[in-house]
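Containing compact mmCIF, C-alpha atoms: data_2.txt.
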# COMPACT_ATOMS: atom_id res chain seq x y z
CA MET R 256 -33.14 -14.34 1.13
CA PRO R 257 -29.40 -14.90 1.52
CA VAL R 258 -27.03 -13.05 -0.80
CA ASP R 259 -24.14 -15.00 -2.35
CA ARG R 260 -20.49 -14.01 -2.21
CA GLN R 261 -20.31 -12.58 -5.74
CA VAL R 262 -23.24 -10.27 -5.04
CA HIS R 263 -21.63 -9.16 -1.77
CA LEU R 264 -18.46 -8.28 -3.65
CA ARG R 265 -20.40 -6.25 -6.19
CA TYR R 266 -22.24 -4.45 -3.39
CA GLN R 267 -18.95 -3.53 -1.70
CA ILE R 268 -17.51 -2.23 -4.99
CA LEU R 269 -20.59 -0.06 -5.51
CA ASN R 270 -20.39 1.11 -1.90
CA LYS R 271 -16.81 2.29 -2.41
CA CYS R 272 -17.75 4.16 -5.60
CA PHE R 273 -20.81 5.80 -4.02
CA ARG R 274 -18.63 7.06 -1.14
CA ASP R 275 -15.90 8.53 -3.36
CA LEU R 276 -16.00 12.33 -3.03
CA TYR R 277 -13.26 12.90 -5.59
CA LYS R 278 -14.61 11.11 -8.64
CA ASP R 279 -17.97 11.09 -10.38
CA TYR R 280 -19.24 7.68 -11.52
CA THR R 281 -21.63 7.10 -14.41
CA ILE R 282 -23.34 3.74 -14.84
CA ASP R 283 -20.63 2.75 -17.34
CA ASP R 284 -17.93 3.64 -14.80
CA LEU R 285 -19.63 1.40 -12.23
CA VAL R 286 -19.61 -1.48 -14.71
CA ASP R 287 -15.88 -0.90 -15.33
CA CYS R 288 -15.20 -0.98 -11.58
CA ASN R 289 -16.84 -4.40 -11.36
CA THR R 290 -14.49 -5.85 -13.98
CA ALA R 291 -12.11 -6.44 -11.06
CA LEU R 292 -14.25 -9.49 -10.28
CA ARG R 293 -12.61 -11.23 -13.24
CA LYS R 294 -9.56 -11.64 -11.01
CA ALA R 295 -11.71 -13.78 -8.74
CA ASP R 296 -12.87 -15.97 -11.63
CA TYR R 297 -16.36 -14.49 -11.64
CA PRO R 298 -18.18 -13.81 -14.94
CA ASP R 299 -18.29 -10.38 -16.52
CA VAL R 300 -20.76 -7.95 -14.99
CA SER R 301 -23.28 -6.36 -17.36
CA LYS R 302 -24.88 -2.94 -17.13
CA ARG R 303 -28.22 -4.61 -16.38
CA THR R 304 -26.67 -6.49 -13.45
CA VAL R 305 -25.28 -3.26 -11.96
CA GLN R 306 -28.62 -1.52 -12.44
CA ASN R 307 -30.38 -4.39 -10.65
CA ASP R 308 -27.82 -4.25 -7.82
CA ILE R 309 -28.47 -0.54 -7.35
CA ALA R 310 -32.21 -1.16 -7.27
CA GLN R 311 -31.80 -3.91 -4.65
CA LEU R 312 -29.56 -1.72 -2.50
CA GLN R 313 -32.27 0.92 -2.39
CA LEU R 314 -34.62 -1.59 -0.77
CA PRO R 315 -34.52 -2.92 2.82
CA PRO R 316 -32.39 -4.02 4.58
CA TYR R 317 -29.80 -1.73 2.90
CA SER R 318 -32.10 1.21 2.05
CA ILE R 319 -29.34 3.32 0.52
CA ARG R 320 -30.19 6.86 -0.58
CA LEU R 321 -28.45 8.30 -3.65
CA ASP R 322 -28.11 11.93 -4.68
CA GLU R 323 -30.73 12.17 -7.43
CA ASP R 324 -29.60 15.60 -8.66
CA ARG R 325 -26.03 14.78 -9.69
CA LYS R 326 -25.68 14.79 -13.48
CA LYS R 327 -23.05 15.34 -16.17
CA GLY R 328 -24.92 16.49 -19.24
CA ARG R 329 -27.62 13.87 -19.70
CA LYS R 330 -25.73 11.21 -17.78
CA ARG R 331 -26.59 10.50 -14.18
CA LEU R 332 -23.77 10.46 -11.63
CA PHE R 333 -23.95 8.08 -8.67
CA ARG R 334 -23.03 9.15 -5.14
CA TYR R 335 -24.56 8.75 -1.69
CA TYR R 336 -26.82 11.61 -0.59
CA ASP R 337 -25.06 11.38 2.79
CA PRO R 338 -21.29 11.16 2.15
CA ASN R 339 -20.79 9.55 5.56
CA PHE R 340 -23.08 6.61 4.79
CA SER R 341 -21.56 3.19 4.17
CA LEU R 342 -22.82 -0.35 3.79
CA PRO R 343 -21.94 -2.76 6.61
CA GLN R 344 -18.93 -4.92 5.86
CA PHE R 345 -19.44 -8.50 4.71
CA LYS R 346 -19.35 -11.06 7.55
CA MET R 347 -18.33 -14.68 7.15
CA ASP R 348 -20.45 -17.44 8.55
CA ASP R 349 -19.34 -19.69 11.43
CA SER R 350 -17.94 -22.49 9.24
CA GLU R 351 -15.72 -20.08 7.31
CA ARG R 352 -14.61 -18.38 10.52
CA TYR R 353 -13.63 -21.74 12.04
CA LYS R 354 -11.53 -22.55 8.95
CA ILE R 355 -9.63 -19.29 9.34
CA GLN R 356 -9.08 -19.99 13.03
CA ALA R 357 -7.84 -23.51 12.23
CA ALA R 358 -5.31 -22.05 9.78
CA VAL R 359 -4.11 -19.60 12.45
CA ASN R 360 -3.73 -22.49 14.92
CA VAL R 361 -1.59 -24.46 12.44
CA LEU R 362 0.68 -21.46 11.83
CA GLU R 363 1.09 -20.99 15.59
CA ASN R 364 3.36 -24.04 15.46
CA TYR R 365 5.77 -22.02 13.31
CA SER R 366 5.82 -18.93 15.53
CA GLY R 367 9.07 -17.03 15.11
CA GLU R 368 9.71 -18.25 11.58
CA PRO R 369 9.65 -15.16 9.30
CA LEU R 370 8.42 -17.25 6.37
CA PHE R 371 5.21 -18.06 8.26
CA ASP R 372 4.79 -15.05 10.57
CA TRP R 373 3.52 -12.76 7.80
CA ALA R 374 0.86 -15.33 6.83
CA ARG R 375 -0.16 -15.82 10.46
CA THR R 376 -0.49 -12.04 10.93
CA LEU R 377 -2.55 -11.78 7.76
CA LEU R 378 -4.92 -14.49 8.94
CA MET R 379 -5.21 -12.80 12.33
CA GLN R 380 -6.07 -9.57 10.54
CA ILE R 381 -8.80 -11.32 8.57
CA GLY R 382 -10.03 -13.18 11.62
CA SER R 383 -10.34 -10.02 13.71
CA GLY R 384 -13.18 -8.86 11.46
CA LEU R 385 -15.13 -12.08 11.44
CA PHE R 386 -17.32 -11.44 14.42
CA GLY R 387 -21.09 -11.25 14.30
CA SER R 388 -22.83 -8.12 13.15
CA ASP R 389 -23.64 -7.20 16.76
CA SER R 390 -19.96 -7.08 17.77
CA SER R 391 -17.64 -4.13 17.40
CA SER R 392 -14.08 -4.55 16.19
CA VAL R 393 -11.53 -5.34 18.91
CA VAL R 394 -8.37 -5.24 16.78
CA SER R 395 -7.19 -2.56 14.34
CA PHE R 396 -4.50 -3.13 11.71
CA GLN R 397 -2.80 -0.54 9.57
CA SER R 398 -4.19 -0.78 6.06
CA ASN R 399 -4.85 1.31 2.99
CA PRO R 400 -8.29 0.42 1.61
CA ASP R 401 -7.83 2.87 -1.29
CA LEU R 402 -4.55 1.34 -2.49
CA LYS R 403 -4.74 1.06 -6.26
CA ASN R 404 -3.76 -1.98 -8.31
CA ILE R 405 -3.31 -4.38 -5.39
CA SER R 406 -5.18 -6.82 -7.66
CA LEU R 407 -2.04 -6.92 -9.83
CA PHE R 408 -0.11 -8.59 -7.01
CA GLY R 409 -1.13 -12.15 -7.92
CA ASP R 410 -0.34 -11.78 -11.62
CA LEU R 411 3.04 -10.16 -10.91
CA LEU R 412 3.87 -12.90 -8.43
CA GLN R 413 3.09 -15.51 -11.08
CA ALA R 414 5.27 -13.67 -13.60
CA ILE R 415 8.17 -13.79 -11.12
CA LEU R 416 7.66 -17.47 -10.34
CA ASN R 417 7.29 -18.34 -14.05
CA LYS R 418 10.33 -16.21 -14.98
CA GLN R 419 8.45 -14.15 -17.55
CA VAL R 420 9.84 -11.00 -19.13
CA LEU R 421 7.22 -8.23 -19.05
CA SER R 422 6.40 -5.18 -21.11
CA LEU R 423 5.27 -2.78 -18.38
CA THR R 424 3.62 0.62 -18.81
CA TYR R 425 4.36 2.89 -15.86
CA ALA R 426 3.10 6.37 -14.94
CA PRO R 427 5.32 8.16 -12.38
CA PHE R 428 3.67 10.89 -10.35
CA GLY R 429 3.57 14.14 -12.33
CA LYS R 430 5.33 12.66 -15.37
CA ASP R 431 4.36 11.05 -18.66
CA SER R 432 3.92 7.29 -18.73
CA PHE R 433 6.58 5.13 -20.34
CA VAL R 434 7.08 1.49 -21.31
CA ASP R 435 9.88 -0.68 -19.93
CA ARG R 436 10.78 -4.25 -20.79
CA ILE R 437 11.67 -5.74 -17.43
CA TYR R 438 12.84 -8.86 -15.65
CA PRO R 439 10.58 -9.03 -12.55
CA TYR R 440 12.28 -10.39 -9.42
CA HIS R 441 10.69 -9.41 -6.13
CA LEU R 442 7.65 -7.83 -4.46
CA LYS R 443 8.22 -5.70 -1.35
CA GLN R 444 5.91 -3.77 0.93
CA PHE R 445 7.02 -0.55 2.60
CA ASN R 446 5.00 2.15 4.33
CA ASP R 447 1.70 0.47 3.41
CA ARG R 448 2.60 0.40 -0.30
CA TRP R 449 3.71 -2.44 -2.59
CA TYR R 450 6.63 -2.26 -5.00
CA LEU R 451 7.84 -4.51 -7.82
CA ILE R 452 11.62 -4.82 -7.83
CA ALA R 453 12.83 -5.45 -11.37
CA ARG R 454 15.64 -4.77 -13.81
CA ALA R 455 14.92 -3.07 -17.13
CA VAL R 456 16.35 -4.80 -20.18
CA GLY R 457 19.73 -3.28 -20.99
CA TYR R 458 20.33 -1.85 -17.51
CA ASP R 459 22.49 -3.13 -14.66
CA ILE R 460 20.70 -1.56 -11.69
CA PHE R 461 17.39 -2.53 -10.11
CA GLY R 462 14.35 -0.32 -10.31
CA HIS R 463 11.32 -0.26 -8.05
CA TYR R 464 7.85 0.19 -9.54
CA ALA R 465 5.02 1.16 -7.19
CA LEU R 466 2.03 -1.06 -7.97
CA ASP R 467 -0.37 1.88 -7.82
CA ARG R 468 1.60 3.53 -10.65
CA ILE R 469 1.56 0.53 -12.98
CA VAL R 470 -0.82 1.16 -15.90
CA SER R 471 -0.59 -2.31 -17.48
CA PHE R 472 1.79 -5.15 -18.24
CA GLU R 473 1.94 -8.24 -20.43
CA PRO R 474 4.38 -11.12 -20.95
CA ILE R 475 6.69 -10.90 -23.95
CA ASP R 476 8.72 -13.60 -25.67
CA MET R 477 12.24 -12.92 -24.44
CA LYS R 478 14.84 -14.92 -22.54
CA TYR R 479 14.61 -14.29 -18.80
CA VAL R 480 17.78 -13.17 -17.02
CA GLU R 481 18.11 -14.25 -13.39
CA ALA R 482 18.92 -11.75 -10.67
CA ASP R 483 22.45 -11.86 -9.30
CA VAL R 484 21.47 -10.98 -5.72
CA ASP R 485 19.78 -12.69 -2.81
CA PHE R 486 16.65 -10.65 -2.09
CA SER R 487 16.43 -12.07 1.42
CA GLU R 488 19.51 -9.90 2.13
CA TYR R 489 19.29 -7.23 -0.56
CA PHE R 490 17.44 -4.69 1.61
CA ASP R 491 19.45 -5.30 4.78
CA ASP R 492 21.48 -2.10 4.39
CA VAL R 493 18.60 0.30 3.76
CA ILE R 494 15.39 1.60 5.24
CA GLY R 495 12.68 1.34 2.60
CA VAL R 496 12.96 0.10 -0.99
CA THR R 497 15.51 2.42 -2.61
CA VAL R 498 18.93 0.75 -2.64
CA PRO R 499 21.77 3.07 -3.82
CA GLU R 500 23.90 0.34 -5.36
CA ARG R 501 26.90 2.60 -6.04
CA TYR R 502 27.36 3.48 -2.39
CA GLU R 503 28.45 1.52 0.66
CA PRO R 504 26.69 1.61 4.06
CA VAL R 505 27.90 4.31 6.43
CA ASP R 506 27.57 4.83 10.16
CA VAL R 507 24.77 7.34 10.71
CA ILE R 508 25.07 8.92 14.17
CA LEU R 509 21.85 10.29 15.66
CA ARG R 510 21.10 12.19 18.85
CA VAL R 511 17.67 11.07 20.04
CA SER R 512 15.64 12.62 22.87
CA ASN R 513 15.04 10.07 25.62
CA ASN R 514 11.26 10.38 25.36
CA ARG R 515 11.50 9.02 21.80
CA PHE R 516 14.39 6.63 22.26
CA ASN R 517 12.21 3.81 23.57
CA THR R 518 10.44 3.48 20.23
CA LYS R 519 11.26 0.47 18.07
CA PRO R 520 14.78 0.45 16.54
CA LEU R 521 15.16 2.37 13.31
CA HIS R 522 17.23 -0.44 11.80
CA LEU R 523 18.57 -3.87 12.75
CA SER R 524 22.08 -2.40 13.01
CA GLN R 525 21.06 0.15 15.67
CA ARG R 526 23.32 0.36 18.73
CA VAL R 527 23.76 2.81 21.60
CA ILE R 528 27.10 4.64 21.58
CA GLY R 529 26.68 7.27 24.29
CA ASP R 530 24.47 9.39 26.53
CA ASP R 531 23.90 13.13 26.74
CA LYS R 532 21.70 14.98 29.19
CA GLY R 533 18.16 14.02 28.15
CA TYR R 534 19.43 12.40 24.94
CA THR R 535 20.87 9.10 23.72
CA ARG R 536 23.37 8.83 20.88
CA ILE R 537 22.81 5.89 18.57
CA SER R 538 24.41 4.54 15.41
CA ILE R 539 22.87 2.74 12.46
CA ASN R 540 24.86 1.34 9.55
CA VAL R 541 22.87 2.00 6.38
CA LYS R 542 22.98 3.37 2.87
CA ILE R 543 21.57 6.90 2.75
CA ASN R 544 18.37 7.15 0.72
CA LYS R 545 15.24 9.28 0.57
CA GLU R 546 13.32 6.94 2.90
CA LEU R 547 15.95 7.38 5.64
CA ILE R 548 15.75 11.17 5.32
CA ALA R 549 11.94 11.08 5.46
CA LEU R 550 12.02 8.86 8.54
CA ILE R 551 14.41 11.14 10.42
CA LEU R 552 12.33 14.19 9.48
CA SER R 553 9.23 12.47 10.86
CA PHE R 554 10.72 12.66 14.38
CA GLY R 555 10.95 16.45 14.21
CA ALA R 556 13.13 18.06 16.88
CA ASP R 557 13.50 14.78 18.78
CA VAL R 558 16.24 13.51 16.45
CA GLU R 559 19.41 15.32 15.32
CA VAL R 560 21.88 13.97 12.75
CA LEU R 561 25.45 14.24 14.03
CA ALA R 562 27.23 12.36 11.24
CA PRO R 563 28.02 11.98 8.42
CA ALA R 564 28.39 15.65 7.53
CA SER R 565 26.84 15.15 4.08
CA LEU R 566 23.61 13.81 5.62
CA ARG R 567 23.57 16.61 8.19
CA VAL R 568 23.78 19.15 5.32
CA GLU R 569 20.97 17.34 3.47
CA MET R 570 18.78 17.47 6.59
CA ALA R 571 19.51 21.18 6.99
CA LYS R 572 18.43 21.81 3.38
CA ASN R 573 15.13 20.03 3.98
CA ILE R 574 14.47 21.85 7.24
CA HIS R 575 15.36 25.20 5.67
CA ALA R 576 12.98 24.54 2.78
CA MET R 577 10.22 23.62 5.22
CA ASN R 578 10.89 26.74 7.31
CA ASN R 579 10.57 28.92 4.20
CA LYS R 580 7.01 27.69 3.77
CA TYR R 581 6.06 29.19 7.18
CA PRO R 582 8.11 32.41 7.40
CA ASN R 583 5.51 34.52 9.20
CA ASP R 584 4.57 31.70 11.56
CA ALA R 585 8.22 31.23 12.55
CA GLU R 586 8.55 34.93 13.38
CA ASN R 587 5.41 34.81 15.54
CA LEU R 588 7.02 32.18 17.76
CA HIS R 589 9.33 34.86 19.16
CA THR R 590 6.64 37.47 19.81
Representation of the structure as structure tokens:
Amino acid sequence: MPVDRQVHLRYQILNKCFRDLYKDYTIDDLVDCNTALRKADYPDVSKRTVQNDIAQLQLPPYSIRLDEDRKKGRKRLFRYYDPNFSLPQFKMDDSERYKIQAAVNVLENYSGEPLFDWARTLLMQIGSGLFGSDSSSVVSFQSNPDLKNISLFGDLLQAILNKQVLSLTYAPFGKDSFVDRIYPYHLKQFNDRWYLIARAVGYDIFGHYALDRIVSFEPIDMKYVEADVDFSEYFDDVIGVTVPERYEPVDVILRVSNNRFNTKPLHLSQRVIGDDKGYTRISINVKINKELIALILSFGADVEVLAPASLRVEMAKNIHAMNNKYPNDAENLHT
């Protein structure tokens, strides 16, 4: 008997919960997880529905096996007996697959246009997983399946388009949550994470709110204030999402080992300014922020900051702090 799309979605939500090794799920927690289906205009999911889904999943062809001994007081906790088990991913039928391919073909006519390239890549990503169940994947895309709150994207996008002021509750890592009244302007992805770029009421600078740290938000009745920047150019002078608005771009001079130099440019402003033995000196014109520092550190000994002096000092502080975490290991390198 075929299973409809809503049931497939519920099965995949349960599958993700059953595989989670870091959280224990009661039956009520599983019902709460399924409330995400409201975003897809599906009806609320009851406890009885979830219980029936679990019973069906324990029958062929799924035949899942749950850990029967996991409990919290009198409440049963749900997790796979084998933590490596997972349900097969949902596969689209031929008609749906052909529709996706047709959309990709239309967007091919706009190849090279940034406005359409992201959509074409997204459709290719979806299409790469639409093969039959007897086919293995032939394309891998970087993704974060555990990214929290990606379901907020659509509502935040609508708030931006409708010019709605929001009351947003935010929980920074390791700090207490707070509430900001904000003018939402832009959504940006960086390092496989989405950020809302907004301005808090009463402030002149932009803030960036990671979607996975947003607790909740709701429209409020206030006059919307337009942004005074063009976001198609706003991030041109930085790597990442943090834009130090009080500082101007500077020429950052880097000495890059030749075995790493052939990687993609660090920034659109990158240019070669000289050669050393086994190294290439390059320059990028950017504002210095934490994302730039993290990127340079990721190259390890293959990249050295030559200028400006303030950035070189900042890099030295980071490297010194890292070295202090491995004092005995560093000494053993010389023995």
TODO: Go through R:Ile309, R:Val480, R:Val470, R:Val568 one by one, measure the shortest atom-to-atom distance of each to Asp431 in chain R using only C-alpha atoms, and give the residue with the smallest value.
DONE: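 Comparing R:Ile309, R:Val480, R:Val470, R:Val568 against Asp431 in chain R, the winner is R:Val470.
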Open item on the list: Residues near Phe428 in chain R, anyone? I mean within 12 Å using only C-alpha atoms, not counting same-chain ones fewer than 3 positions away, as an NGL selection string.
Closed with: :R and (425 or 431-433 or 464-465 or 467-469)
- [ ] Can you pull out every residue within 10 Å of Ile551 in chain R, counting only C-alpha atoms, but drop anything in the same chain fewer than 6 positions away, and send it as a list in words?
- [x]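 Neighbouring residues, sequence-local ones excluded: Leu509, Leu521, Asp557, Val558, Glu559, Val560 and Met570 of chain R.
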Residues as selected, C-alpha atoms, written as a PDB file, in the frame of the given file, can you do that?
ATOM      1  CA  LEU R 509      21.850  10.290  15.660  1.00  0.00           C
ATOM      2  CA  LEU R 521      15.160   2.370  13.310  1.00  0.00           C
ATOM      3  CA  ASP R 557      13.500  14.780  18.780  1.00  0.00           C
ATOM      4  CA  VAL R 558      16.240  13.510  16.450  1.00  0.00           C
ATOM      5  CA  GLU R 559      19.410  15.320  15.320  1.00  0.00           C
ATOM      6  CA  VAL R 560      21.880  13.970  12.750  1.00  0.00           C
ATOM      7  CA  MET R 570      18.780  17.470   6.590  1.00  0.00           C
TER       8      MET R 570
END
Sorted per-residue table, range 481-550 of chain R near range 441-450 of chain R, closest atoms and distance, 8 Å, all atoms listed in the file, as a tab-separated table:
residue	atom	partner	partner_atom	distance
R:Phe486	CA	R:His441	CA	7.3
R:Gly495	CA	R:Phe445	CA	6.0
R:Val496	CA	R:Phe445	CA	7.0
Open item on the list: Could you tell me how far CA of Asp299 in chain R sits from CA of Arg334 in chain R, in Å to one decimal place?
Closed with: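 Rounded to one decimal, the two atoms are 23.1 Å apart.
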Task: Within-9 Å shell of (-20.0, -1.9, -16.2) in input frame, all atoms listed in the file, as a list of chain:residue names - done: R:Ile282, R:Asp283, R:Asp284, R:Leu285, R:Val286, R:Asp287, R:Cys288, R:Asn289, R:Thr290, R:Asp299, R:Val300, R:Ser301, R:Lys302, R:Arg303, R:Thr304, R:Val305
Selected residues, C-alpha atoms, written as a PDB file, in the coordinates of the input, please.
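Resulting contents of part.pdb:
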ATOM      1  CA  ILE R 282     -23.340   3.740 -14.840  1.00  0.00           C
ATOM      2  CA  ASP R 283     -20.630   2.750 -17.340  1.00  0.00           C
ATOM      3  CA  ASP R 284     -17.930   3.640 -14.800  1.00  0.00           C
ATOM      4  CA  LEU R 285     -19.630   1.400 -12.230  1.00  0.00           C
ATOM      5  CA  VAL R 286     -19.610  -1.480 -14.710  1.00  0.00           C
ATOM      6  CA  ASP R 287     -15.880  -0.900 -15.330  1.00  0.00           C
ATOM      7  CA  CYS R 288     -15.200  -0.980 -11.580  1.00  0.00           C
ATOM      8  CA  ASN R 289     -16.840  -4.400 -11.360  1.00  0.00           C
ATOM      9  CA  THR R 290     -14.490  -5.850 -13.980  1.00  0.00           C
ATOM     10  CA  ASP R 299     -18.290 -10.380 -16.520  1.00  0.00           C
ATOM     11  CA  VAL R 300     -20.760  -7.950 -14.990  1.00  0.00           C
ATOM     12  CA  SER R 301     -23.280  -6.360 -17.360  1.00  0.00           C
ATOM     13  CA  LYS R 302     -24.880  -2.940 -17.130  1.00  0.00           C
ATOM     14  CA  ARG R 303     -28.220  -4.610 -16.380  1.00  0.00           C
ATOM     15  CA  THR R 304     -26.670  -6.490 -13.450  1.00  0.00           C
ATOM     16  CA  VAL R 305     -25.280  -3.260 -11.960  1.00  0.00           C
TER      17      VAL R 305
END
TODO: Determine, counting only C-alpha atoms, which protein, DNA and RNA residues have an atom within 12 Å of an atom of Ser318 in chain R; residues of the same chain fewer than 2 positions away are not included. Present the result as a list of chain:residue names.
DONE: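 Residues near the query, excluding close chain neighbours: R:Ile309, R:Ala310, R:Gln311, R:Leu312, R:Gln313, R:Leu314, R:Pro315, R:Pro316, R:Arg320, R:Leu321, R:Tyr335, R:Tyr336, R:Phe340, R:Ser341, R:Leu342, R:Pro343.
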Task: Residue among R:Ile437, R:Leu332, R:Val484, R:Val507 lying closest to Ala564 in chain R, counting only C-alpha atoms - done: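 Comparing R:Ile437, R:Leu332, R:Val484, R:Val507 against Ala564 in chain R, the winner is R:Val507.
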Task: CA of Leu421 in chain R to CA of Pro474 in chain R, distance in Å rounded to a single decimal - done: 4.5 Å
Is there a way to get, as a CSV table (one decimal) with C-alpha atoms, in the frame of the given file, all residues within 12 Å of the point (11.0, -17.9, -26.0) in file coordinates, counting all atoms listed in the file?
chain,number,residue,atom,x,y,z
R,418,LYS,CA,10.3,-16.2,-15.0
R,419,GLN,CA,8.4,-14.2,-17.6
R,420,VAL,CA,9.8,-11.0,-19.1
R,474,PRO,CA,4.4,-11.1,-21.0
R,475,ILE,CA,6.7,-10.9,-24.0
R,476,ASP,CA,8.7,-13.6,-25.7
R,477,MET,CA,12.2,-12.9,-24.4
R,478,LYS,CA,14.8,-14.9,-22.5
R,479,TYR,CA,14.6,-14.3,-18.8
